[in-house]
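Okay, run_0.tsv now, which holds TSV, C-alpha atoms:
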chain	number	residue	atom	x	y	z
H	1	MET	CA	7.18	17.01	19.70
H	2	GLN	CA	9.39	19.92	20.75
H	3	ILE	CA	11.69	21.07	17.95
H	4	ILE	CA	14.55	23.56	17.72
H	5	GLN	CA	15.28	25.16	14.36
H	6	PRO	CA	18.99	25.98	14.73
H	7	HIS	CA	19.49	27.86	11.43
H	8	TYR	CA	16.62	30.08	10.36
H	9	HIS	CA	16.62	33.44	8.56
H	10	ALA	CA	13.56	34.83	10.23
H	11	ILE	CA	13.71	38.34	8.80
H	12	ALA	CA	13.08	36.85	5.36
H	13	ARG	CA	9.95	35.03	6.52
H	14	THR	CA	6.45	36.03	7.46
H	15	ALA	CA	4.77	35.93	10.85
H	16	GLN	CA	2.63	33.15	9.42
H	17	ASP	CA	5.74	30.94	9.32
H	18	TYR	CA	6.29	31.64	13.03
H	19	GLU	CA	2.67	30.76	13.72
H	20	ARG	CA	2.83	27.50	11.77
H	21	MET	CA	6.19	26.60	13.31
H	22	ALA	CA	4.80	27.19	16.78
H	23	MET	CA	1.79	25.00	15.96
H	24	SER	CA	4.16	22.23	14.81
H	25	GLY	CA	6.19	22.25	18.03
H	26	VAL	CA	9.07	24.65	17.32
H	27	VAL	CA	10.15	26.23	20.60
H	28	ALA	CA	13.26	28.13	19.47
H	29	VAL	CA	15.04	29.36	16.36
H	30	ALA	CA	18.58	30.66	15.90
H	31	GLU	CA	19.21	33.20	13.16
H	32	PRO	CA	22.69	33.51	11.65
H	33	ALA	CA	23.63	36.74	9.87
H	34	PHE	CA	23.07	36.27	6.17
H	35	TRP	CA	23.70	37.77	2.75
H	36	ALA	CA	20.99	40.23	1.80
H	37	GLY	CA	20.93	39.26	-1.88
H	38	PHE	CA	23.15	42.22	-2.74
H	39	ASP	CA	26.50	43.40	-1.39
H	40	ARG	CA	26.08	45.95	1.39
H	41	LEU	CA	28.33	49.00	1.21
H	42	TYR	CA	28.35	50.49	4.68
H	43	PRO	CA	29.28	49.16	8.13
H	44	GLU	CA	26.19	50.90	9.50
H	45	THR	CA	23.97	48.72	7.31
H	46	PHE	CA	25.37	45.66	9.08
H	47	ILE	CA	25.01	47.27	12.49
H	48	ASP	CA	21.32	47.95	11.87
H	49	TYR	CA	20.88	44.41	10.55
H	50	PHE	CA	22.50	42.99	13.70
H	51	ARG	CA	20.20	45.22	15.78
H	52	GLN	CA	17.24	43.88	13.87
H	53	ILE	CA	18.11	40.24	14.53
H	54	SER	CA	19.26	40.75	18.13
H	55	GLU	CA	16.65	43.26	19.33
H	56	PHE	CA	13.55	43.30	17.15
H	57	GLU	CA	13.27	39.75	15.85
H	58	PRO	CA	13.07	38.17	19.35
H	59	THR	CA	9.96	40.28	20.00
H	60	ARG	CA	8.32	39.07	16.79
H	61	ALA	CA	9.07	35.42	17.63
H	62	ALA	CA	7.88	35.87	21.21
H	63	GLN	CA	4.37	36.65	19.96
H	64	TYR	CA	4.17	32.98	18.98
H	65	GLY	CA	5.91	31.60	22.06
H	66	ILE	CA	9.13	30.95	20.16
H	67	ARG	CA	12.53	31.88	21.59
H	68	HIS	CA	14.73	33.69	19.08
H	69	PHE	CA	18.54	33.68	19.21
H	70	CYS	CA	21.04	34.99	16.64
H	71	TRP	CA	24.61	35.18	15.41
H	72	VAL	CA	26.64	38.01	13.87
H	73	ALA	CA	28.96	37.87	10.85
H	74	VAL	CA	29.89	39.38	7.54
H	75	ASN	CA	28.70	36.80	5.05
H	76	PRO	CA	31.44	35.18	2.92
H	77	LYS	CA	29.76	36.53	-0.20
H	78	GLU	CA	30.65	40.02	1.05
H	79	ALA	CA	34.23	39.22	2.07
H	80	GLU	CA	35.71	40.75	-1.08
H	81	ASN	CA	35.62	44.12	0.66
H	82	PRO	CA	38.22	43.64	3.44
H	83	THR	CA	37.96	47.23	4.65
H	84	LEU	CA	34.23	46.83	5.20
H	85	THR	CA	34.77	43.47	6.93
H	86	ARG	CA	37.33	44.96	9.32
H	87	GLU	CA	35.03	47.88	10.17
H	88	VAL	CA	32.09	45.59	10.89
H	89	LEU	CA	34.19	43.19	12.97
H	90	LYS	CA	35.09	46.05	15.32
H	91	HIS	CA	31.44	46.18	16.40
H	92	PHE	CA	31.05	42.47	17.21
H	93	PRO	CA	31.93	42.72	20.94
H	94	GLU	CA	29.01	45.07	21.61
H	95	PHE	CA	26.69	42.45	20.13
H	96	PHE	CA	28.34	39.58	22.02
H	97	ALA	CA	27.08	41.36	25.13
H	98	LYS	CA	23.44	41.18	24.02
H	99	PRO	CA	21.25	38.56	25.71
H	100	THR	CA	20.32	36.53	22.61
H	101	VAL	CA	23.54	36.62	20.56
H	102	LEU	CA	25.14	33.17	20.57
H	103	GLY	CA	28.31	33.76	18.59
H	104	VAL	CA	29.86	34.38	15.19
H	105	GLY	CA	28.09	33.09	12.09
H	106	GLU	CA	27.54	32.40	9.41
H	107	THR	CA	31.08	33.05	8.40
H	108	GLY	CA	32.77	30.62	6.03
H	109	LEU	CA	33.56	30.39	2.36
H	110	HIS	CA	31.68	30.93	-0.88
H	111	LYS	CA	34.28	30.71	-3.65
H	112	ALA	CA	37.22	30.11	-1.28
H	113	THR	CA	39.11	33.25	-2.41
H	114	LYS	CA	42.05	34.73	-0.52
H	115	ASN	CA	39.86	37.51	0.89
H	116	GLU	CA	37.24	35.02	2.00
H	117	CYS	CA	39.85	32.88	3.77
H	118	GLU	CA	41.24	35.94	5.55
H	119	SER	CA	37.75	37.01	6.58
H	120	LEU	CA	37.01	33.51	7.90
H	121	GLU	CA	40.22	33.54	9.92
H	122	ALA	CA	39.46	36.98	11.35
H	123	HIS	CA	35.93	35.90	12.32
H	124	VAL	CA	37.08	32.69	14.02
H	125	GLU	CA	39.95	34.43	15.79
H	126	LEU	CA	37.61	37.09	17.19
H	127	ALA	CA	35.11	34.43	18.28
H	128	MET	CA	37.76	32.40	20.07
H	129	LYS	CA	39.16	35.52	21.75
H	130	HIS	CA	35.72	36.33	23.14
H	131	GLY	CA	34.74	32.74	23.97
H	132	GLN	CA	31.98	32.67	21.35
H	133	LEU	CA	30.49	29.79	19.37
H	134	VAL	CA	31.14	29.70	15.62
H	135	LEU	CA	28.83	28.75	12.75
H	136	ILE	CA	30.59	28.14	9.44
H	137	HIS	CA	28.89	28.18	6.06
H	138	THR	CA	30.29	25.83	3.41
H	139	PRO	CA	29.82	26.55	-0.30
H	140	HIS	CA	27.04	25.24	-2.49
H	141	LEU	CA	26.89	22.77	-5.36
H	142	ALA	CA	30.09	22.48	-7.43
H	143	ASP	CA	32.16	24.45	-4.88
H	144	LYS	CA	31.12	22.28	-1.92
H	145	ALA	CA	33.96	19.74	-1.70
H	146	HIS	CA	36.82	22.15	-2.41
H	147	GLY	CA	35.37	24.86	-0.15
H	148	THR	CA	34.82	22.51	2.77
H	149	LYS	CA	38.37	21.17	2.45
H	150	LYS	CA	39.63	24.75	2.50
H	151	VAL	CA	37.53	25.55	5.61
H	152	LEU	CA	39.13	22.59	7.39
H	153	GLU	CA	42.59	23.72	6.29
H	154	VAL	CA	42.02	27.26	7.60
H	155	LEU	CA	40.73	25.92	10.93
H	156	ALA	CA	43.61	23.43	11.20
H	157	GLY	CA	46.03	26.35	11.09
H	158	MET	CA	44.36	28.09	14.02
H	159	LYS	CA	44.03	27.47	17.74
H	160	VAL	CA	40.35	26.52	17.99
H	161	ASP	CA	38.12	24.31	20.09
H	162	PRO	CA	36.29	22.05	17.56
H	163	GLU	CA	33.53	21.39	20.12
H	164	ARG	CA	32.48	25.03	19.77
H	165	ILE	CA	32.45	25.10	15.97
H	166	TRP	CA	29.57	23.99	13.75
H	167	ILE	CA	30.32	23.41	10.08
H	168	ASP	CA	27.04	23.73	8.23
H	169	HIS	CA	25.54	22.51	4.94
H	170	VAL	CA	27.57	19.28	4.92
H	171	GLU	CA	26.53	16.56	2.50
H	172	GLU	CA	27.53	12.99	1.78
H	173	GLN	CA	30.92	13.94	0.31
H	174	THR	CA	31.91	16.36	3.10
H	175	ILE	CA	30.47	15.03	6.38
H	176	ARG	CA	33.18	12.54	7.31
H	177	PRO	CA	36.27	14.81	7.38
H	178	CYS	CA	34.34	17.41	9.43
H	179	LEU	CA	33.21	14.86	12.03
H	180	ASP	CA	36.63	13.18	12.06
H	181	ALA	CA	38.21	16.55	12.90
H	182	GLY	CA	35.90	16.85	15.93
H	183	TYR	CA	33.54	19.58	14.70
H	184	TRP	CA	29.76	19.66	14.92
H	185	VAL	CA	28.10	19.44	11.52
H	186	GLY	CA	24.78	20.61	10.14
H	187	PHE	CA	22.51	19.28	7.40
H	188	THR	CA	20.63	22.08	5.66
H	189	LEU	CA	17.42	20.93	4.02
H	190	TYR	CA	16.38	22.77	0.88
H	191	PRO	CA	13.73	21.79	-1.63
H	192	ILE	CA	16.24	21.55	-4.49
H	193	THR	CA	19.78	22.85	-3.99
H	194	LYS	CA	21.04	21.36	-0.73
H	195	CYS	CA	20.33	18.21	1.23
H	196	SER	CA	16.88	16.58	1.14
H	197	PRO	CA	15.01	15.25	4.20
H	198	LYS	CA	15.44	11.64	3.03
H	199	ARG	CA	19.17	12.04	2.41
H	200	ALA	CA	19.54	13.66	5.82
H	201	VAL	CA	17.95	10.64	7.48
H	202	ASP	CA	20.23	8.36	5.44
H	203	MET	CA	23.24	10.21	6.87
H	204	LEU	CA	21.83	10.06	10.42
H	205	GLU	CA	21.49	6.28	9.99
H	206	LYS	CA	25.01	5.97	8.60
H	207	TYR	CA	26.92	8.32	10.92
H	208	GLY	CA	24.79	8.21	14.07
H	209	THR	CA	23.27	11.24	15.73
H	210	GLU	CA	26.16	12.60	17.77
H	211	LYS	CA	27.31	16.16	16.94
H	212	ILE	CA	24.77	16.51	14.14
H	213	LEU	CA	22.32	19.41	13.76
H	214	VAL	CA	19.51	19.48	11.21
H	215	ASN	CA	18.03	22.73	9.94
H	216	SER	CA	16.07	24.09	7.03
H	217	SER	CA	17.72	27.51	6.88
H	218	ALA	CA	14.70	29.10	5.22
H	219	ASP	CA	15.76	32.41	3.72
H	220	TRP	CA	14.49	34.72	0.98
H	221	GLY	CA	15.27	32.18	-1.79
H	222	PRO	CA	13.45	28.96	-2.69
H	223	SER	CA	13.33	27.34	0.75
H	224	ASP	CA	10.81	25.98	3.20
H	225	PRO	CA	11.11	25.93	7.01
H	226	PHE	CA	8.94	22.83	7.07
H	227	THR	CA	11.52	20.64	5.37
H	228	LEU	CA	12.70	20.18	8.97
H	229	GLN	CA	9.36	18.70	10.01
H	230	GLU	CA	9.40	16.64	6.80
H	231	CYS	CA	12.74	15.23	7.94
H	232	ILE	CA	11.35	14.40	11.37
H	233	LEU	CA	8.43	12.58	9.73
H	234	GLU	CA	10.84	10.61	7.51
H	235	PHE	CA	13.00	9.77	10.55
H	236	ARG	CA	9.99	8.53	12.53
H	237	ARG	CA	8.51	6.72	9.53
H	238	ARG	CA	11.66	4.59	9.32
H	239	GLY	CA	11.00	3.35	12.83
H	240	HIS	CA	13.17	5.61	14.96
H	241	SER	CA	11.64	6.34	18.33
H	242	LEU	CA	10.23	9.62	19.56
H	243	GLN	CA	13.14	9.94	22.00
H	244	GLU	CA	15.64	9.39	19.18
H	245	ALA	CA	13.93	12.13	17.20
H	246	ILE	CA	14.04	14.44	20.21
H	247	GLU	CA	17.76	13.74	20.58
H	248	VAL	CA	18.42	14.94	17.02
H	249	PHE	CA	15.89	17.72	16.54
H	250	HIS	CA	15.77	19.20	20.05
H	251	ASN	CA	18.51	17.93	22.32
H	252	ASN	CA	21.45	18.22	19.92
H	253	PRO	CA	20.75	21.93	19.32
H	254	CYS	CA	20.52	22.31	23.13
H	255	ARG	CA	23.88	20.61	23.52
H	256	PHE	CA	25.70	22.69	20.93
H	257	LEU	CA	24.01	26.06	21.41
H	258	GLY	CA	23.83	25.52	25.18
H	259	GLN	CA	27.61	25.84	25.34
H	260	ASN	CA	26.73	29.50	25.38
H	261	PRO	CA	24.86	29.94	28.68
H	262	LYS	CA	22.48	32.43	27.04
H	263	PHE	CA	20.87	29.44	25.32
H	264	ASP	CA	19.16	28.03	28.40
H	265	ILE	CA	16.80	25.45	26.86
H	266	LYS	CA	17.79	22.06	28.24
H	267	PRO	CA	17.68	18.56	26.69
H	268	ILE	CA	14.47	16.69	27.43
H	269	ARG	CA	13.37	13.07	27.78
H	270	VAL	CA	9.94	11.56	27.17
H	271	GLU	CA	8.64	9.44	29.98
H	272	THR	CA	5.65	7.12	30.28
H	273	LEU	CA	3.76	7.75	33.48
H	274	VAL	CA	2.62	4.79	35.50
H	275	GLU	CA	-0.56	5.95	37.16
H	276	ALA	CA	-2.12	4.24	40.11
H	277	ALA	CA	-5.31	2.30	39.38
H	278	THR	CA	-8.41	3.97	40.78
F	1	MET	CA	9.37	27.97	-26.36
F	2	LEU	CA	12.74	27.57	-24.69
F	3	SER	CA	16.11	27.39	-26.44
F	4	PRO	CA	18.42	24.41	-25.77
F	5	ASP	CA	20.46	26.53	-23.36
F	6	GLN	CA	17.33	27.74	-21.57
F	7	VAL	CA	16.08	24.18	-21.13
F	8	VAL	CA	19.31	23.11	-19.44
F	9	GLU	CA	19.61	26.25	-17.32
F	10	ALA	CA	15.99	26.13	-16.22
F	11	TYR	CA	15.89	22.49	-15.19
F	12	PHE	CA	19.47	21.47	-14.35
F	13	LEU	CA	19.22	21.92	-10.58
F	14	GLU	CA	15.88	20.18	-10.40
F	15	ALA	CA	17.23	17.21	-12.39
F	16	ARG	CA	20.35	17.14	-10.21
F	17	HIS	CA	18.14	16.98	-7.13
F	18	GLN	CA	16.01	14.18	-8.59
F	19	LEU	CA	19.02	12.12	-9.62
F	20	LEU	CA	20.55	12.52	-6.17
F	21	GLU	CA	17.32	11.21	-4.66
F	22	VAL	CA	17.56	8.12	-6.90
F	23	ALA	CA	21.22	7.64	-5.96
F	24	ALA	CA	20.28	7.94	-2.28
F	25	LEU	CA	17.52	5.36	-2.68
F	26	LEU	CA	20.01	2.86	-4.16
F	27	ASP	CA	22.55	3.60	-1.40
F	28	ARG	CA	19.77	3.18	1.18
F	29	HIS	CA	18.91	-0.20	-0.31
F	30	ASP	CA	22.54	-1.35	-0.27
F	31	ALA	CA	22.92	-0.21	3.35
F	32	ALA	CA	19.80	-2.20	4.29
F	33	VAL	CA	21.17	-5.29	2.53
F	34	ALA	CA	24.46	-4.94	4.40
F	35	ARG	CA	22.64	-4.39	7.72
F	36	GLU	CA	20.23	-7.31	7.34
F	37	GLY	CA	22.55	-9.68	5.49
F	38	ARG	CA	19.96	-10.43	2.79
F	39	GLY	CA	18.66	-8.86	-0.37
F	40	ALA	CA	15.18	-7.68	-1.23
F	41	GLY	CA	12.38	-10.22	-1.74
F	42	PRO	CA	11.13	-11.08	-5.26
F	43	ALA	CA	8.57	-8.28	-5.58
F	44	ALA	CA	10.94	-5.57	-4.38
F	45	ALA	CA	13.83	-7.04	-6.40
F	46	ALA	CA	11.70	-6.79	-9.56
F	47	LYS	CA	11.01	-3.12	-8.83
F	48	LEU	CA	14.71	-2.51	-8.26
F	49	ALA	CA	15.55	-4.20	-11.56
F	50	VAL	CA	13.07	-1.96	-13.36
F	51	LEU	CA	14.62	1.10	-11.77
F	52	ARG	CA	18.04	0.03	-12.99
F	53	GLN	CA	16.68	-0.51	-16.53
F	54	ALA	CA	15.15	2.97	-16.43
F	55	ILE	CA	18.44	4.49	-15.28
F	56	ALA	CA	20.27	2.69	-18.09
F	57	ALA	CA	17.73	3.96	-20.61
F	58	LEU	CA	18.39	7.54	-19.52
F	59	GLY	CA	22.04	7.15	-20.48
F	60	ASP	CA	21.16	6.51	-24.14
F	61	ASP	CA	22.29	9.52	-26.23
F	62	ARG	CA	20.30	8.51	-29.31
F	63	PRO	CA	17.06	6.91	-28.10
F	64	VAL	CA	14.74	5.35	-30.68
F	65	GLN	CA	11.76	6.79	-28.87
F	66	GLU	CA	11.21	9.57	-26.34
F	67	ARG	CA	12.83	8.76	-23.00
F	68	THR	CA	9.61	9.37	-21.10
F	69	VAL	CA	7.80	6.86	-23.32
F	70	ALA	CA	10.60	4.34	-22.88
F	71	LEU	CA	10.54	4.73	-19.10
F	72	LEU	CA	6.75	4.48	-18.89
F	73	GLU	CA	6.94	1.22	-20.85
F	74	ILE	CA	9.69	-0.08	-18.56
F	75	PHE	CA	7.70	0.84	-15.44
F	76	ALA	CA	4.59	-0.82	-16.95
F	77	ARG	CA	6.35	-4.19	-16.69
F	78	ILE	CA	5.77	-4.42	-12.98

In structure tokens, what does this structure look like?
Amino acid sequence: MQIIQPHYHAIARTAQDYERMAMSGVVAVAEPAFWAGFDRLYPETFIDYFRQISEFEPTRAAQYGIRHFCWVAVNPKEAENPTLTREVLKHFPEFFAKPTVLGVGETGLHKATKNECESLEAHVELAMKHGQLVLIHTPHLADKAHGTKKVLEVLAGMKVDPERIWIDHVEEQTIRPCLDAGYWVGFTLYPITKCSPKRAVDMLEKYGTEKILVNSSADWGPSDPFTLQECILEFRRRGHSLQEAIEVFHNNPCRFLGQNPKFDIKPIRVETLVEAAT
Amino acid sequence: MLSPDQVVEAYFLEARHQLLEVAALLDRHDAAVAREGRGAGPAAAAKLAVLRQAIAALGDDRPVQERTVALLEIFARI
């Protein structure tokens, strides 16, 4: 089955992960800009990071037949340095012009501080001004509900097109208000700290498959890109058809990401061939 | 060996994850009942009852025996 991994931090993973993903049917990954595990101090550090994910990483993925796309952002964990954020934001338009950059992300909130909210607004405003897609990170664990509510409040105060915004890492307590407001949502599958493959399938069965993206993020922390395939197996094991799985794990990423014409992978349909008797 | 604080800090997220999986299983069951308009058959209902007994046993602050022993005995009933 052809699979798209819409949220994947490739620079934190080995080539072996690309190889195994390719062998399991992954045809494309999209890499949002991420926190490095420490707070970066210089705009140039971000610029080089953006160059890495927009220029070098596609060549690494291509060795395994996987298309690599990316996003640019200052991660919410680094938003407490507004001067740095402003300096980095100035460079976004040059990356928007690159052939594999899909938009702004992952911006969002971590602790929902004033600086974080201002950074989120600045990111979304710049994205909308340049007609870019937006990927929004919502906080983890105890901060999840409050942070997601705050994200929705910030967006509600802006002129945005919800169809072009993906709110990621939603869980059972945050999915409904995001869908009700017209946004795309993402389930992020982690071994321990976020959603599990089984819970993701539960939500797909409860809320339907429209405007939902499933990803395994897979960064430098405890994470596993193959939780996505585990989710597909769980989905199929519960009796959902191959085409239904393709709709969620391939076609929905095509529909959201394909709003940026640079993402040119199209939705697919499985078809049984009727062959003439010989 | 670990201190009380270390035990909680080391295993809290893992336990949170495992409890959420149990909660999701029960929600999944209730959704299936609502969808099909009938409850589980006798064998599955017995397993569900045992799960609920195990969950109740976990809530005991002063257990007379180790919780793992209590749960293994509960699960041995089916």

Restrict the calculation to all atoms listed in the file, then for each residue of chain F with any atom at most 12 Å from an atom of segment 219-241 of chain H give the closest atom pair and their distance in Å to one decimal, rows by chain and rising residue number, as JSON lines.
{"residue": "F:Glu14", "atom": "CA", "partner": "H:Pro222", "partner_atom": "CA", "distance": 11.9}
{"residue": "F:Arg28", "atom": "CA", "partner": "H:Arg238", "partner_atom": "CA", "distance": 11.6}
{"residue": "F:Ala32", "atom": "CA", "partner": "H:Arg238", "partner_atom": "CA", "distance": 11.7}

_Could you tell me how far atom CA of Val124 of chain H sits from atom CA of Lys159 of chain H, in Å to one decimal place?_
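Between these atoms lies a distance of 9.5 Å.
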
Next on the checklist: Taking only C-alpha atoms into account and nothing else, which residues of chain F lie no more than 10 Å away from chain H? Please answer as a PyMOL selection string.
Outcome noted: chain F and resi 13-18+20-21+23-25+27-28+31

Legend entry - Point-to-point distance in Å for atom CA of Asp168 of chain H and atom CA of Trp184 of chain H: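 A separation of 8.3 Å between them.
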
> Out of H:Val151, H:Ile265, H:Ile3, H:Ile246, which residue has the shortest atom-to-atom distance to Pro139 of chain H when counting only C-alpha atoms?
Replying inline: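 Using only C-alpha atoms, the shortest distance to Pro139 of chain H belongs to H:Val151.
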
Quick one: distance from atom CA of Ile53 of chain H to atom CA of Pro32 of chain H in Å, one decimal?
->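 Answer for the atom CA of Ile53 of chain H to atom CA of Pro32 of chain H separation: 8.6 Å.
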
Surrounding residues of Cys117 of chain H excluding itself and chain neighbours under 3 positions, 8 Å, all atoms listed in the file, as JSON, numbers by chain: {"H": [108, 109, 112, 113, 114, 120, 121, 151, 154]}

* Quick one: residues within 9 Å of Thr209 of chain H, all atoms listed in the file counted, chain neighbours fewer than 2 positions away excluded, as a list in words? ->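 What passes the distance filter is Met203, Leu204, Glu205, Tyr207, Lys211, Ile212, Leu213, Glu244, Glu247, Val248 and Asn252 of chain H.
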
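Of the listed residues F:Val7, F:Ala34, F:Ala54, F:Ala44, the one whose atoms come nearest to Val69 of chain F is F:Ala54, with distances taken using only C-alpha atoms.
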
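Between Gln53 of chain F and the residues F:Ala10, F:Met1, F:Leu72, F:Leu19, the shortest atom-to-atom distance, using all atoms listed in the file, involves F:Leu72.
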
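Of the residues under consideration (H:Arg269, H:Arg13, H:Arg176, H:Arg51), H:Arg51 shows the shortest atom-to-atom contact distance to His91 of chain H when counting only C-alpha atoms.
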
Within 9 Å of (30.2, 37.1, 16.7) in the file's own coordinates, which protein, DNA or RNA residues have an atom, counting only C-alpha atoms? List them as a PDB file with C-alpha atoms, keeping the file's coordinate frame.
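Output contents, as saved in result-v5.pdb:
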ATOM      1  CA  TRP H  71      24.610  35.180  15.410  1.00  0.00           C
ATOM      2  CA  VAL H  72      26.640  38.010  13.870  1.00  0.00           C
ATOM      3  CA  ALA H  73      28.960  37.870  10.850  1.00  0.00           C
ATOM      4  CA  LEU H  89      34.190  43.190  12.970  1.00  0.00           C
ATOM      5  CA  PHE H  92      31.050  42.470  17.210  1.00  0.00           C
ATOM      6  CA  PRO H  93      31.930  42.720  20.940  1.00  0.00           C
ATOM      7  CA  PHE H  95      26.690  42.450  20.130  1.00  0.00           C
ATOM      8  CA  PHE H  96      28.340  39.580  22.020  1.00  0.00           C
ATOM      9  CA  VAL H 101      23.540  36.620  20.560  1.00  0.00           C
ATOM     10  CA  LEU H 102      25.140  33.170  20.570  1.00  0.00           C
ATOM     11  CA  GLY H 103      28.310  33.760  18.590  1.00  0.00           C
ATOM     12  CA  VAL H 104      29.860  34.380  15.190  1.00  0.00           C
ATOM     13  CA  GLY H 105      28.090  33.090  12.090  1.00  0.00           C
ATOM     14  CA  HIS H 123      35.930  35.900  12.320  1.00  0.00           C
ATOM     15  CA  VAL H 124      37.080  32.690  14.020  1.00  0.00           C
ATOM     16  CA  LEU H 126      37.610  37.090  17.190  1.00  0.00           C
ATOM     17  CA  ALA H 127      35.110  34.430  18.280  1.00  0.00           C
ATOM     18  CA  HIS H 130      35.720  36.330  23.140  1.00  0.00           C
ATOM     19  CA  GLN H 132      31.980  32.670  21.350  1.00  0.00           C
ATOM     20  CA  LEU H 133      30.490  29.790  19.370  1.00  0.00           C
ATOM     21  CA  VAL H 134      31.140  29.700  15.620  1.00  0.00           C
TER      22      VAL H 134
END

Counting all atoms listed in the file, the residue among F:Ser3, F:Glu66, F:Val8, F:Arg77 that lies closest to Ala46 of chain F is F:Arg77

Listed atoms of segment 6-13 of chain H boxed along x, y and z, 6 Å each side, centre and edge lengths in Å, one decimal, as lines of an AutoDock Vina configuration file:
center_x = 14.7
center_y = 32.2
center_z = 10.0
size_x = 21.5
size_y = 24.4
size_z = 21.4

If we count only C-alpha atoms, what is near segment 34-45 of chain H at a cut-off of 12 Å, once residues fewer than 4 positions away on the same chain are taken out, given as a PyMOL selection string? chain H and resi 7-12+49-53+70-92+104-108+110+135-137+217-221

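Between Leu51 of chain F and the candidates F:Ala70, F:Val64, F:Val22, F:Val33, the tightest atom-to-atom separation, counting all atoms listed in the file, involves F:Val22.
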